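File shown: coords08.txt. Contents: compact mmCIF, N, CA and C atoms and all ligand atoms.
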```
# COMPACT_ATOMS: atom_id res chain seq x y z
N MET A 1 8.50 -34.44 -10.21
CA MET A 1 7.56 -33.35 -9.97
C MET A 1 7.36 -33.17 -8.47
N ILE A 2 7.17 -31.93 -8.08
CA ILE A 2 6.95 -31.61 -6.67
C ILE A 2 5.51 -31.15 -6.52
N VAL A 3 4.78 -31.75 -5.61
CA VAL A 3 3.41 -31.31 -5.31
C VAL A 3 3.31 -31.13 -3.80
N ARG A 4 2.90 -29.95 -3.38
CA ARG A 4 2.77 -29.69 -1.95
C ARG A 4 1.43 -29.03 -1.67
N LYS A 5 0.90 -29.26 -0.48
CA LYS A 5 -0.37 -28.68 -0.06
C LYS A 5 -0.11 -27.70 1.08
N MET A 6 -0.77 -26.56 1.00
CA MET A 6 -0.61 -25.55 2.05
C MET A 6 -0.90 -26.13 3.43
N ALA A 7 -1.86 -27.01 3.51
CA ALA A 7 -2.23 -27.60 4.81
C ALA A 7 -1.05 -28.33 5.45
N ASP A 8 -0.14 -28.84 4.61
CA ASP A 8 1.03 -29.56 5.15
C ASP A 8 2.17 -28.61 5.49
N ILE A 9 2.17 -27.41 4.89
CA ILE A 9 3.24 -26.42 5.13
C ILE A 9 2.98 -25.70 6.46
N ILE A 10 1.72 -25.32 6.69
CA ILE A 10 1.37 -24.55 7.90
C ILE A 10 1.68 -25.40 9.13
N GLY A 11 2.47 -24.78 10.04
CA GLY A 11 2.84 -25.48 11.27
C GLY A 11 4.06 -26.36 11.14
N SER A 12 4.62 -26.44 9.92
CA SER A 12 5.83 -27.24 9.70
C SER A 12 7.06 -26.33 9.75
N ALA A 13 8.24 -26.90 9.55
CA ALA A 13 9.49 -26.12 9.52
C ALA A 13 9.52 -25.18 8.33
N GLN A 14 8.62 -25.37 7.34
CA GLN A 14 8.59 -24.49 6.17
C GLN A 14 7.66 -23.29 6.36
N GLU A 15 7.15 -23.14 7.58
CA GLU A 15 6.41 -21.90 7.91
C GLU A 15 7.21 -21.11 8.94
N VAL A 16 7.43 -19.83 8.66
CA VAL A 16 8.10 -18.92 9.60
C VAL A 16 7.11 -17.83 9.96
N VAL A 17 6.94 -17.62 11.27
CA VAL A 17 5.98 -16.62 11.76
C VAL A 17 6.73 -15.59 12.61
N THR A 18 6.54 -14.31 12.30
CA THR A 18 7.11 -13.22 13.09
C THR A 18 5.96 -12.37 13.63
N ASP A 19 6.31 -11.25 14.29
CA ASP A 19 5.26 -10.37 14.80
C ASP A 19 4.44 -9.75 13.67
N ASN A 20 5.08 -9.58 12.49
CA ASN A 20 4.45 -8.84 11.39
C ASN A 20 3.90 -9.72 10.28
N TRP A 21 4.41 -10.93 10.13
CA TRP A 21 4.01 -11.75 9.00
C TRP A 21 4.21 -13.23 9.26
N ALA A 22 3.52 -14.02 8.43
CA ALA A 22 3.74 -15.47 8.39
C ALA A 22 4.11 -15.83 6.96
N SER A 23 5.18 -16.58 6.80
CA SER A 23 5.66 -16.96 5.47
C SER A 23 5.60 -18.47 5.33
N ARG A 24 4.80 -18.92 4.36
CA ARG A 24 4.67 -20.36 4.09
C ARG A 24 5.54 -20.65 2.88
N ARG A 25 6.68 -21.26 3.13
CA ARG A 25 7.72 -21.40 2.09
C ARG A 25 7.55 -22.74 1.38
N MET A 26 6.90 -22.68 0.22
CA MET A 26 6.47 -23.90 -0.46
C MET A 26 7.57 -24.54 -1.28
N LEU A 27 8.52 -23.71 -1.77
CA LEU A 27 9.71 -24.21 -2.47
C LEU A 27 10.92 -23.51 -1.86
N LEU A 28 11.97 -24.26 -1.61
CA LEU A 28 13.20 -23.73 -1.01
C LEU A 28 14.41 -24.10 -1.86
N LYS A 29 15.55 -23.56 -1.49
CA LYS A 29 16.80 -23.84 -2.21
C LYS A 29 17.00 -25.35 -2.40
N SER A 30 16.69 -26.11 -1.36
CA SER A 30 16.92 -27.56 -1.41
C SER A 30 16.08 -28.26 -2.48
N ASP A 31 15.07 -27.57 -3.00
CA ASP A 31 14.25 -28.16 -4.06
C ASP A 31 14.88 -28.00 -5.44
N GLY A 32 15.95 -27.19 -5.54
CA GLY A 32 16.72 -27.12 -6.77
C GLY A 32 16.08 -26.36 -7.91
N MET A 33 15.16 -25.44 -7.60
CA MET A 33 14.45 -24.71 -8.67
C MET A 33 15.09 -23.36 -8.99
N SER A 34 16.14 -22.96 -8.26
CA SER A 34 16.83 -21.68 -8.47
C SER A 34 16.05 -20.48 -7.93
N TYR A 35 14.87 -20.71 -7.40
CA TYR A 35 14.12 -19.66 -6.71
C TYR A 35 13.35 -20.31 -5.59
N SER A 36 12.92 -19.49 -4.63
CA SER A 36 11.96 -20.01 -3.64
C SER A 36 10.62 -19.34 -3.86
N PHE A 37 9.58 -20.01 -3.40
CA PHE A 37 8.19 -19.63 -3.72
C PHE A 37 7.40 -19.70 -2.43
N HIS A 38 6.77 -18.57 -2.09
CA HIS A 38 6.13 -18.48 -0.77
C HIS A 38 4.73 -17.87 -0.88
N GLU A 39 3.89 -18.23 0.06
CA GLU A 39 2.70 -17.42 0.35
C GLU A 39 2.99 -16.71 1.66
N THR A 40 2.82 -15.38 1.65
CA THR A 40 3.09 -14.59 2.85
C THR A 40 1.82 -13.88 3.29
N ILE A 41 1.52 -14.01 4.57
CA ILE A 41 0.41 -13.26 5.18
C ILE A 41 1.01 -12.09 5.95
N ILE A 42 0.59 -10.87 5.62
CA ILE A 42 1.05 -9.70 6.35
C ILE A 42 -0.07 -9.30 7.31
N PHE A 43 0.29 -9.18 8.57
CA PHE A 43 -0.74 -8.92 9.57
C PHE A 43 -1.20 -7.46 9.50
N PRO A 44 -2.51 -7.24 9.70
CA PRO A 44 -3.06 -5.89 9.53
C PRO A 44 -2.47 -4.90 10.53
N GLY A 45 -2.23 -3.68 10.04
CA GLY A 45 -1.73 -2.62 10.91
C GLY A 45 -0.23 -2.63 11.13
N THR A 46 0.48 -3.56 10.47
CA THR A 46 1.93 -3.65 10.68
C THR A 46 2.70 -2.82 9.67
N GLU A 47 3.92 -2.45 10.09
CA GLU A 47 4.89 -1.80 9.21
C GLU A 47 6.19 -2.59 9.31
N THR A 48 6.71 -3.02 8.17
CA THR A 48 7.91 -3.85 8.15
C THR A 48 8.98 -3.17 7.31
N LEU A 49 10.18 -3.02 7.89
CA LEU A 49 11.33 -2.51 7.15
C LEU A 49 11.96 -3.67 6.38
N ILE A 50 12.10 -3.50 5.06
CA ILE A 50 12.61 -4.56 4.20
C ILE A 50 13.70 -4.00 3.29
N TRP A 51 14.81 -4.73 3.22
CA TRP A 51 15.92 -4.33 2.33
C TRP A 51 16.67 -5.60 1.92
N TYR A 52 16.19 -6.18 0.80
CA TYR A 52 16.79 -7.44 0.36
C TYR A 52 18.07 -7.18 -0.44
N LYS A 53 19.13 -6.84 0.29
CA LYS A 53 20.42 -6.56 -0.35
C LYS A 53 20.94 -7.76 -1.12
N ASN A 54 20.60 -8.96 -0.63
CA ASN A 54 21.17 -10.19 -1.17
C ASN A 54 20.23 -10.96 -2.08
N HIS A 55 19.03 -10.45 -2.26
CA HIS A 55 18.01 -11.18 -3.02
C HIS A 55 17.27 -10.23 -3.96
N LEU A 56 16.65 -10.83 -4.96
CA LEU A 56 15.61 -10.17 -5.76
C LEU A 56 14.28 -10.82 -5.39
N GLU A 57 13.26 -9.99 -5.18
CA GLU A 57 11.95 -10.54 -4.81
C GLU A 57 10.87 -9.93 -5.71
N ALA A 58 9.96 -10.78 -6.17
CA ALA A 58 8.73 -10.32 -6.83
C ALA A 58 7.56 -10.71 -5.94
N VAL A 59 6.58 -9.82 -5.87
CA VAL A 59 5.45 -9.99 -4.94
C VAL A 59 4.16 -9.75 -5.71
N TYR A 60 3.21 -10.66 -5.59
CA TYR A 60 1.89 -10.49 -6.20
C TYR A 60 0.83 -10.51 -5.11
N CYS A 61 0.05 -9.46 -5.04
CA CYS A 61 -0.98 -9.35 -4.00
C CYS A 61 -2.26 -10.04 -4.45
N VAL A 62 -2.69 -11.00 -3.63
CA VAL A 62 -3.92 -11.75 -3.92
C VAL A 62 -5.09 -11.22 -3.10
N GLU A 63 -4.80 -10.83 -1.85
CA GLU A 63 -5.86 -10.33 -0.96
C GLU A 63 -5.30 -9.21 -0.10
N GLY A 64 -6.18 -8.28 0.30
CA GLY A 64 -5.81 -7.25 1.25
C GLY A 64 -5.26 -5.99 0.60
N GLU A 65 -5.07 -4.97 1.45
CA GLU A 65 -4.59 -3.68 0.94
C GLU A 65 -3.51 -3.13 1.83
N GLY A 66 -2.55 -2.46 1.18
CA GLY A 66 -1.46 -1.85 1.92
C GLY A 66 -0.69 -0.93 1.01
N GLU A 67 0.55 -0.64 1.42
CA GLU A 67 1.38 0.23 0.59
C GLU A 67 2.85 -0.08 0.81
N VAL A 68 3.65 0.29 -0.20
CA VAL A 68 5.11 0.24 -0.12
C VAL A 68 5.62 1.66 -0.22
N GLU A 69 6.47 2.06 0.75
CA GLU A 69 7.13 3.38 0.68
C GLU A 69 8.62 3.16 0.50
N LEU A 70 9.16 3.67 -0.61
CA LEU A 70 10.59 3.53 -0.88
C LEU A 70 11.38 4.43 0.05
N ILE A 71 12.54 3.94 0.49
CA ILE A 71 13.44 4.68 1.36
C ILE A 71 14.76 4.88 0.60
N PRO A 72 15.31 6.10 0.48
CA PRO A 72 14.81 7.32 1.10
C PRO A 72 13.89 8.14 0.20
N GLU A 73 13.57 7.66 -0.99
CA GLU A 73 12.87 8.49 -1.97
C GLU A 73 11.54 9.01 -1.46
N GLY A 74 10.81 8.14 -0.74
CA GLY A 74 9.51 8.55 -0.21
C GLY A 74 8.35 8.26 -1.13
N ALA A 75 8.62 7.72 -2.32
CA ALA A 75 7.52 7.37 -3.22
C ALA A 75 6.67 6.28 -2.57
N ILE A 76 5.35 6.42 -2.68
CA ILE A 76 4.43 5.46 -2.07
C ILE A 76 3.62 4.78 -3.17
N TYR A 77 3.60 3.44 -3.12
CA TYR A 77 2.86 2.65 -4.10
C TYR A 77 1.75 1.89 -3.37
N PRO A 78 0.49 2.19 -3.69
CA PRO A 78 -0.61 1.41 -3.10
C PRO A 78 -0.57 -0.03 -3.62
N ILE A 79 -0.82 -0.97 -2.73
CA ILE A 79 -0.84 -2.39 -3.10
C ILE A 79 -2.23 -2.94 -2.82
N GLU A 80 -2.82 -3.57 -3.82
CA GLU A 80 -4.16 -4.15 -3.69
C GLU A 80 -4.19 -5.42 -4.54
N PRO A 81 -5.25 -6.21 -4.41
CA PRO A 81 -5.31 -7.44 -5.21
C PRO A 81 -5.12 -7.14 -6.70
N GLY A 82 -4.25 -7.92 -7.33
CA GLY A 82 -3.93 -7.71 -8.74
C GLY A 82 -2.67 -6.90 -8.96
N THR A 83 -2.05 -6.39 -7.88
CA THR A 83 -0.82 -5.62 -8.01
C THR A 83 0.39 -6.54 -7.84
N MET A 84 1.36 -6.41 -8.73
CA MET A 84 2.66 -7.06 -8.60
C MET A 84 3.71 -5.99 -8.45
N TYR A 85 4.66 -6.21 -7.53
CA TYR A 85 5.84 -5.34 -7.51
C TYR A 85 7.08 -6.21 -7.43
N ALA A 86 8.14 -5.73 -8.09
CA ALA A 86 9.41 -6.47 -8.15
C ALA A 86 10.51 -5.54 -7.65
N LEU A 87 11.28 -6.03 -6.70
CA LEU A 87 12.35 -5.24 -6.09
C LEU A 87 13.63 -5.46 -6.91
N ASP A 88 13.59 -4.93 -8.15
CA ASP A 88 14.67 -5.22 -9.10
C ASP A 88 15.94 -4.46 -8.79
N LYS A 89 15.85 -3.45 -7.95
CA LYS A 89 17.05 -2.68 -7.56
C LYS A 89 17.34 -2.87 -6.08
N HIS A 90 16.92 -4.01 -5.54
CA HIS A 90 17.13 -4.28 -4.10
C HIS A 90 16.58 -3.11 -3.27
N ASP A 91 15.43 -2.62 -3.69
CA ASP A 91 14.87 -1.38 -3.14
C ASP A 91 14.56 -1.50 -1.65
N LYS A 92 15.13 -0.60 -0.87
CA LYS A 92 14.80 -0.53 0.57
C LYS A 92 13.44 0.13 0.72
N HIS A 93 12.60 -0.44 1.60
CA HIS A 93 11.24 0.11 1.70
C HIS A 93 10.58 -0.27 3.02
N HIS A 94 9.50 0.43 3.30
CA HIS A 94 8.56 0.01 4.34
C HIS A 94 7.36 -0.62 3.66
N LEU A 95 6.92 -1.77 4.17
CA LEU A 95 5.68 -2.39 3.73
C LEU A 95 4.66 -2.21 4.84
N ARG A 96 3.57 -1.55 4.52
CA ARG A 96 2.50 -1.31 5.52
C ARG A 96 1.23 -2.02 5.07
N ALA A 97 0.63 -2.74 5.99
CA ALA A 97 -0.61 -3.46 5.70
C ALA A 97 -1.77 -2.74 6.34
N LYS A 98 -2.72 -2.25 5.53
CA LYS A 98 -3.94 -1.64 6.08
C LYS A 98 -4.88 -2.74 6.55
N SER A 99 -4.93 -3.82 5.79
CA SER A 99 -5.74 -4.98 6.17
C SER A 99 -4.84 -6.22 6.01
N ARG A 100 -5.36 -7.37 6.38
CA ARG A 100 -4.59 -8.62 6.23
C ARG A 100 -4.30 -8.83 4.75
N MET A 101 -3.03 -8.95 4.43
CA MET A 101 -2.64 -9.11 3.03
C MET A 101 -2.17 -10.55 2.80
N ARG A 102 -2.56 -11.09 1.66
CA ARG A 102 -2.04 -12.40 1.24
C ARG A 102 -1.26 -12.18 -0.04
N LEU A 103 0.02 -12.50 0.03
CA LEU A 103 0.95 -12.21 -1.05
C LEU A 103 1.62 -13.49 -1.54
N ILE A 104 1.86 -13.57 -2.83
CA ILE A 104 2.66 -14.66 -3.40
C ILE A 104 4.02 -14.07 -3.74
N CYS A 105 5.09 -14.68 -3.23
CA CYS A 105 6.43 -14.10 -3.31
C CYS A 105 7.41 -15.10 -3.90
N VAL A 106 8.31 -14.58 -4.74
CA VAL A 106 9.37 -15.41 -5.32
C VAL A 106 10.71 -14.75 -5.01
N PHE A 107 11.69 -15.53 -4.55
CA PHE A 107 13.01 -15.02 -4.22
C PHE A 107 14.09 -15.72 -5.06
N ASN A 108 15.01 -14.89 -5.55
CA ASN A 108 16.21 -15.40 -6.20
C ASN A 108 17.41 -14.63 -5.63
N PRO A 109 18.45 -15.28 -5.09
CA PRO A 109 18.55 -16.71 -4.90
C PRO A 109 17.49 -17.22 -3.92
N PRO A 110 17.25 -18.52 -3.97
CA PRO A 110 16.19 -19.08 -3.13
C PRO A 110 16.54 -19.02 -1.64
N LEU A 111 15.53 -18.85 -0.81
CA LEU A 111 15.77 -18.95 0.63
C LEU A 111 16.02 -20.41 1.00
N THR A 112 16.74 -20.57 2.12
CA THR A 112 17.04 -21.93 2.59
C THR A 112 15.99 -22.42 3.58
N GLY A 113 15.21 -21.49 4.18
CA GLY A 113 14.10 -21.99 4.99
C GLY A 113 13.72 -21.17 6.20
N ARG A 114 14.69 -20.68 6.97
CA ARG A 114 14.34 -20.08 8.26
C ARG A 114 14.68 -18.60 8.33
N GLU A 115 14.93 -17.96 7.19
CA GLU A 115 15.35 -16.56 7.19
C GLU A 115 14.29 -15.64 7.81
N VAL A 116 14.77 -14.69 8.62
CA VAL A 116 13.96 -13.57 9.10
C VAL A 116 14.78 -12.30 8.90
N HIS A 117 14.11 -11.15 8.90
CA HIS A 117 14.80 -9.89 8.67
C HIS A 117 15.73 -9.56 9.84
N ASP A 118 16.94 -9.02 9.52
CA ASP A 118 17.77 -8.46 10.59
C ASP A 118 17.32 -7.03 10.85
N GLU A 119 18.09 -6.29 11.65
CA GLU A 119 17.65 -4.95 12.06
C GLU A 119 17.57 -3.98 10.89
N GLU A 120 18.26 -4.32 9.77
CA GLU A 120 18.21 -3.47 8.56
C GLU A 120 17.15 -3.96 7.57
N GLY A 121 16.47 -5.05 7.89
CA GLY A 121 15.48 -5.60 6.98
C GLY A 121 16.06 -6.58 5.97
N VAL A 122 17.26 -7.06 6.24
CA VAL A 122 18.00 -7.91 5.29
C VAL A 122 17.82 -9.39 5.65
N TYR A 123 17.76 -10.25 4.62
CA TYR A 123 17.89 -11.70 4.82
C TYR A 123 19.35 -12.08 4.50
N ALA A 124 19.97 -12.81 5.39
CA ALA A 124 21.33 -13.27 5.17
C ALA A 124 21.37 -14.34 4.08
N VAL A 125 22.54 -14.49 3.45
CA VAL A 125 22.76 -15.61 2.53
C VAL A 125 23.96 -16.40 3.01
N GLU A 126 23.98 -17.67 2.66
CA GLU A 126 25.13 -18.52 2.99
C GLU A 126 26.34 -18.05 2.19
N ASP A 127 27.53 -18.24 2.73
CA ASP A 127 28.78 -17.89 2.01
C ASP A 127 28.95 -18.84 0.82
C1 LIG B 1 6.70 -8.93 1.06
C2 LIG B 1 7.75 -9.50 1.95
O1 LIG B 1 8.88 -9.61 1.61
N1 LIG B 1 7.33 -9.84 3.17
C3 LIG B 1 8.22 -10.44 4.13
C4 LIG B 1 8.19 -11.95 4.12
C5 LIG B 1 8.73 -12.55 2.83
N2 LIG B 1 7.80 -12.40 1.75
C6 LIG B 1 8.97 -14.04 3.02
O2 LIG B 1 9.97 -14.41 3.66
O3 LIG B 1 8.15 -14.83 2.55
```

As structure tokens:
Amino acid sequence: MIVRKMADIIGSAQEVVTDNWASRRMLLKSDGMSYSFHETIIFPGTETLIWYKNHLEAVYCVEGEGEVELIPEGAIYPIEPGTMYALDKHDKHHLRAKSRMRLICVFNPPLTGREVHDEEGVYAVED
């Protein structure tokens, strides 16, 4: 069994912080669960281009408010506590945070640990 505490993740190699978000990666590929499991904080007022070409991600909003705008369709989905969205079609989108958002995120295939978005919003995968 794996038991981890957020207090031990924050500030460790399993936390990645960018200008727009902080990702606390509680389960990674090396844990052998076939998915990774994260708490992500989205900083207020930010807009992030995201396009997980190589991954499927499900997101559950626990705190804060924002929106997802699909590209190029333009459909806008408000995100608030209690909202889940799943990028089942590798949907390219902008994520905008009106306030500080706390999200629970699952990725398949699992992240290895230090991924950040490239200029297209993509996370790379190992060959
Ligand atoms: C919602 C989303 O994808 N935000 C970017 C960070 C990502 N959740 C991660 O790496 O934890």

Original post:
At most 12 Å from (-3.0, 2.2, -5.4), file frame, only C-alpha atoms: which residues, as a list in words?
Top reply: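 Selection result: Cys61, Gly64, Glu65, Gly66, Glu67, Val68, Glu69, Ala75, Ile76, Tyr77, Pro78, Ile79, Glu80, Pro81, Gly82, Thr83, Met84 and Tyr85 of chain A.
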
Counting all atoms listed in the file, which residues of chain A sit at most 8 Å from some atom of ligand LIG 1 (chain B), and what is each one's closest atom pair with its distance in Å to one decimal, listed by chain and rising residue number, as JSON lines?
```
{"residue": "A:Val16", "atom": "CA", "partner": "B:LIG1", "partner_atom": "O2", "distance": 7.7}
{"residue": "A:Asn20", "atom": "C", "partner": "B:LIG1", "partner_atom": "C3", "distance": 7.6}
{"residue": "A:Trp21", "atom": "CA", "partner": "B:LIG1", "partner_atom": "C4", "distance": 6.4}
{"residue": "A:Ala22", "atom": "C", "partner": "B:LIG1", "partner_atom": "O3", "distance": 6.1}
{"residue": "A:Ser23", "atom": "CA", "partner": "B:LIG1", "partner_atom": "O3", "distance": 4.4}
{"residue": "A:Arg24", "atom": "N", "partner": "B:LIG1", "partner_atom": "O3", "distance": 5.6}
{"residue": "A:Arg25", "atom": "CA", "partner": "B:LIG1", "partner_atom": "O3", "distance": 6.6}
{"residue": "A:Phe37", "atom": "C", "partner": "B:LIG1", "partner_atom": "O3", "distance": 7.0}
{"residue": "A:His38", "atom": "CA", "partner": "B:LIG1", "partner_atom": "O3", "distance": 5.3}
{"residue": "A:Glu39", "atom": "C", "partner": "B:LIG1", "partner_atom": "O3", "distance": 5.6}
{"residue": "A:Thr40", "atom": "CA", "partner": "B:LIG1", "partner_atom": "O3", "distance": 5.1}
{"residue": "A:Ile41", "atom": "N", "partner": "B:LIG1", "partner_atom": "O3", "distance": 7.0}
{"residue": "A:Ile42", "atom": "CA", "partner": "B:LIG1", "partner_atom": "N1", "distance": 7.0}
{"residue": "A:Thr48", "atom": "CA", "partner": "B:LIG1", "partner_atom": "C3", "distance": 7.7}
{"residue": "A:Ile50", "atom": "CA", "partner": "B:LIG1", "partner_atom": "O1", "distance": 6.8}
{"residue": "A:Trp51", "atom": "N", "partner": "B:LIG1", "partner_atom": "O1", "distance": 7.8}
{"residue": "A:Glu57", "atom": "CA", "partner": "B:LIG1", "partner_atom": "O1", "distance": 7.2}
{"residue": "A:Ala58", "atom": "C", "partner": "B:LIG1", "partner_atom": "C1", "distance": 7.3}
{"residue": "A:Val59", "atom": "CA", "partner": "B:LIG1", "partner_atom": "C1", "distance": 6.2}
{"residue": "A:Tyr60", "atom": "N", "partner": "B:LIG1", "partner_atom": "C1", "distance": 7.7}
{"residue": "A:Leu95", "atom": "CA", "partner": "B:LIG1", "partner_atom": "C1", "distance": 7.1}
{"residue": "A:Leu103", "atom": "CA", "partner": "B:LIG1", "partner_atom": "C1", "distance": 6.9}
{"residue": "A:Ile104", "atom": "C", "partner": "B:LIG1", "partner_atom": "N2", "distance": 6.9}
{"residue": "A:Cys105", "atom": "CA", "partner": "B:LIG1", "partner_atom": "N2", "distance": 5.5}
{"residue": "A:Val106", "atom": "N", "partner": "B:LIG1", "partner_atom": "N2", "distance": 6.9}
{"residue": "A:Phe107", "atom": "N", "partner": "B:LIG1", "partner_atom": "O3", "distance": 8.0}
{"residue": "A:Leu111", "atom": "CA", "partner": "B:LIG1", "partner_atom": "O2", "distance": 8.0}
{"residue": "A:Arg114", "atom": "C", "partner": "B:LIG1", "partner_atom": "O2", "distance": 7.8}
{"residue": "A:Glu115", "atom": "C", "partner": "B:LIG1", "partner_atom": "O2", "distance": 6.1}
{"residue": "A:Val116", "atom": "CA", "partner": "B:LIG1", "partner_atom": "O2", "distance": 6.8}
{"residue": "A:His117", "atom": "N", "partner": "B:LIG1", "partner_atom": "O2", "distance": 7.4}
```

As a PDB file with N, CA and C atoms, in the coordinates of the input, please: the residues near Tyr35 of chain A (cut-off 6 Å, all atoms listed in the file, same-chain neighbours under 4 positions excluded).
```pdb
ATOM      1  N   LEU A  27       8.520 -23.710  -1.770  1.00  0.00           N
ATOM      2  CA  LEU A  27       9.710 -24.210  -2.470  1.00  0.00           C
ATOM      3  C   LEU A  27      10.920 -23.510  -1.860  1.00  0.00           C
ATOM      4  N   LEU A  28      11.970 -24.260  -1.610  1.00  0.00           N
ATOM      5  CA  LEU A  28      13.200 -23.730  -1.010  1.00  0.00           C
ATOM      6  C   LEU A  28      14.410 -24.100  -1.860  1.00  0.00           C
ATOM      7  N   LYS A  29      15.550 -23.560  -1.490  1.00  0.00           N
ATOM      8  CA  LYS A  29      16.800 -23.840  -2.210  1.00  0.00           C
ATOM      9  C   LYS A  29      17.000 -25.350  -2.400  1.00  0.00           C
ATOM     10  N   PHE A 107      11.690 -15.530  -4.550  1.00  0.00           N
ATOM     11  CA  PHE A 107      13.010 -15.020  -4.220  1.00  0.00           C
ATOM     12  C   PHE A 107      14.090 -15.720  -5.060  1.00  0.00           C
ATOM     13  N   ASN A 108      15.010 -14.890  -5.550  1.00  0.00           N
ATOM     14  CA  ASN A 108      16.210 -15.400  -6.200  1.00  0.00           C
ATOM     15  C   ASN A 108      17.410 -14.630  -5.630  1.00  0.00           C
ATOM     16  N   PRO A 109      18.450 -15.280  -5.090  1.00  0.00           N
ATOM     17  CA  PRO A 109      18.550 -16.710  -4.900  1.00  0.00           C
ATOM     18  C   PRO A 109      17.490 -17.220  -3.920  1.00  0.00           C
ATOM     19  N   PRO A 110      17.250 -18.520  -3.970  1.00  0.00           N
ATOM     20  CA  PRO A 110      16.190 -19.080  -3.130  1.00  0.00           C
ATOM     21  C   PRO A 110      16.540 -19.020  -1.640  1.00  0.00           C
ATOM     22  N   LEU A 111      15.530 -18.850  -0.810  1.00  0.00           N
ATOM     23  CA  LEU A 111      15.770 -18.950   0.630  1.00  0.00           C
ATOM     24  C   LEU A 111      16.020 -20.410   1.000  1.00  0.00           C
TER      25      LEU A 111
END
```

**OP:** May I ask which of the residues A:Leu56, A:Met1, A:Leu49, A:Ala124 is the closest one to His94 of chain A, counting all atoms listed in the file?
**Re:**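 Result for the nearest residue to His94 of chain A: A:Leu49.
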
**OP:** May I have the residues within 8 Å of Pro72 of chain A as a list in words, using all atoms listed in the file and disregarding those fewer than 2 positions away in the same chain?
**Re:**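 So, after excluding close chain neighbours, the residues are Glu69, Leu70, Gly74, Ala75, Asp91, Lys92 and His93 of chain A.
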
Could you take the residues named above and write them with N, CA and C atoms, as a PDB file, in the coordinates of the input?
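And here is the file that came out, selection-v1.pdb:
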```
ATOM      1  N   GLU A  69       6.470   2.060   0.750  1.00  0.00           N
ATOM      2  CA  GLU A  69       7.130   3.380   0.680  1.00  0.00           C
ATOM      3  C   GLU A  69       8.620   3.160   0.500  1.00  0.00           C
ATOM      4  N   LEU A  70       9.160   3.670  -0.610  1.00  0.00           N
ATOM      5  CA  LEU A  70      10.590   3.530  -0.880  1.00  0.00           C
ATOM      6  C   LEU A  70      11.380   4.430   0.050  1.00  0.00           C
ATOM      7  N   GLY A  74      10.810   8.140  -0.740  1.00  0.00           N
ATOM      8  CA  GLY A  74       9.510   8.550  -0.210  1.00  0.00           C
ATOM      9  C   GLY A  74       8.350   8.260  -1.130  1.00  0.00           C
ATOM     10  N   ALA A  75       8.620   7.720  -2.320  1.00  0.00           N
ATOM     11  CA  ALA A  75       7.520   7.370  -3.220  1.00  0.00           C
ATOM     12  C   ALA A  75       6.670   6.280  -2.570  1.00  0.00           C
ATOM     13  N   ASP A  91      15.430  -2.620  -3.690  1.00  0.00           N
ATOM     14  CA  ASP A  91      14.870  -1.380  -3.140  1.00  0.00           C
ATOM     15  C   ASP A  91      14.560  -1.500  -1.650  1.00  0.00           C
ATOM     16  N   LYS A  92      15.130  -0.600  -0.870  1.00  0.00           N
ATOM     17  CA  LYS A  92      14.800  -0.530   0.570  1.00  0.00           C
ATOM     18  C   LYS A  92      13.440   0.130   0.720  1.00  0.00           C
ATOM     19  N   HIS A  93      12.600  -0.440   1.600  1.00  0.00           N
ATOM     20  CA  HIS A  93      11.240   0.110   1.700  1.00  0.00           C
ATOM     21  C   HIS A  93      10.580  -0.270   3.020  1.00  0.00           C
TER      22      HIS A  93
END
```

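Nearest to Gly45 of chain A of all the residues A:Gly11, A:Glu126, A:Asp19, A:Gly32 is A:Asp19, counting only C-alpha atoms.
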
Original post:
So which residues of chain A fall under helix (DSSP H, G or I) by DSSP, listed as an NGL selection string?
Top reply: :A and (6-9 or 29-31)

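The space between atom N of Glu120 of chain A and atom CA of Val62 of chain A spans 27.1 Å.
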
**OP:** Can you check which residues of chain A DSSP gives as strand (DSSP E) on the backbone and send them as a VMD selection string?
**Re:** chain A and resid 15 to 17 21 to 27 36 to 42 47 to 50 56 to 63 66 to 70 76 to 79 84 to 86 93 to 97 101 to 108

Take segment 56-62 of chain A, bring it up to N, CA, C and O atoms, and give me the output as a compact mmCIF listing (two decimals), in the frame of the given file.
```
# COMPACT_ATOMS: atom_id res chain seq x y z
N LEU A 56 16.65 -10.83 -4.96
CA LEU A 56 15.61 -10.17 -5.76
C LEU A 56 14.28 -10.82 -5.39
O LEU A 56 14.21 -12.05 -5.28
N GLU A 57 13.26 -9.99 -5.18
CA GLU A 57 11.95 -10.54 -4.81
C GLU A 57 10.87 -9.93 -5.71
O GLU A 57 10.88 -8.72 -5.96
N ALA A 58 9.96 -10.78 -6.17
CA ALA A 58 8.73 -10.32 -6.83
C ALA A 58 7.56 -10.71 -5.94
O ALA A 58 7.57 -11.79 -5.33
N VAL A 59 6.58 -9.82 -5.87
CA VAL A 59 5.45 -9.99 -4.94
C VAL A 59 4.16 -9.75 -5.71
O VAL A 59 4.01 -8.72 -6.40
N TYR A 60 3.21 -10.66 -5.59
CA TYR A 60 1.89 -10.49 -6.20
C TYR A 60 0.83 -10.51 -5.11
O TYR A 60 0.76 -11.47 -4.32
N CYS A 61 0.05 -9.46 -5.04
CA CYS A 61 -0.98 -9.35 -4.00
C CYS A 61 -2.26 -10.04 -4.45
O CYS A 61 -2.84 -9.69 -5.48
N VAL A 62 -2.69 -11.00 -3.63
CA VAL A 62 -3.92 -11.75 -3.92
C VAL A 62 -5.09 -11.22 -3.10
O VAL A 62 -6.22 -11.17 -3.58
```
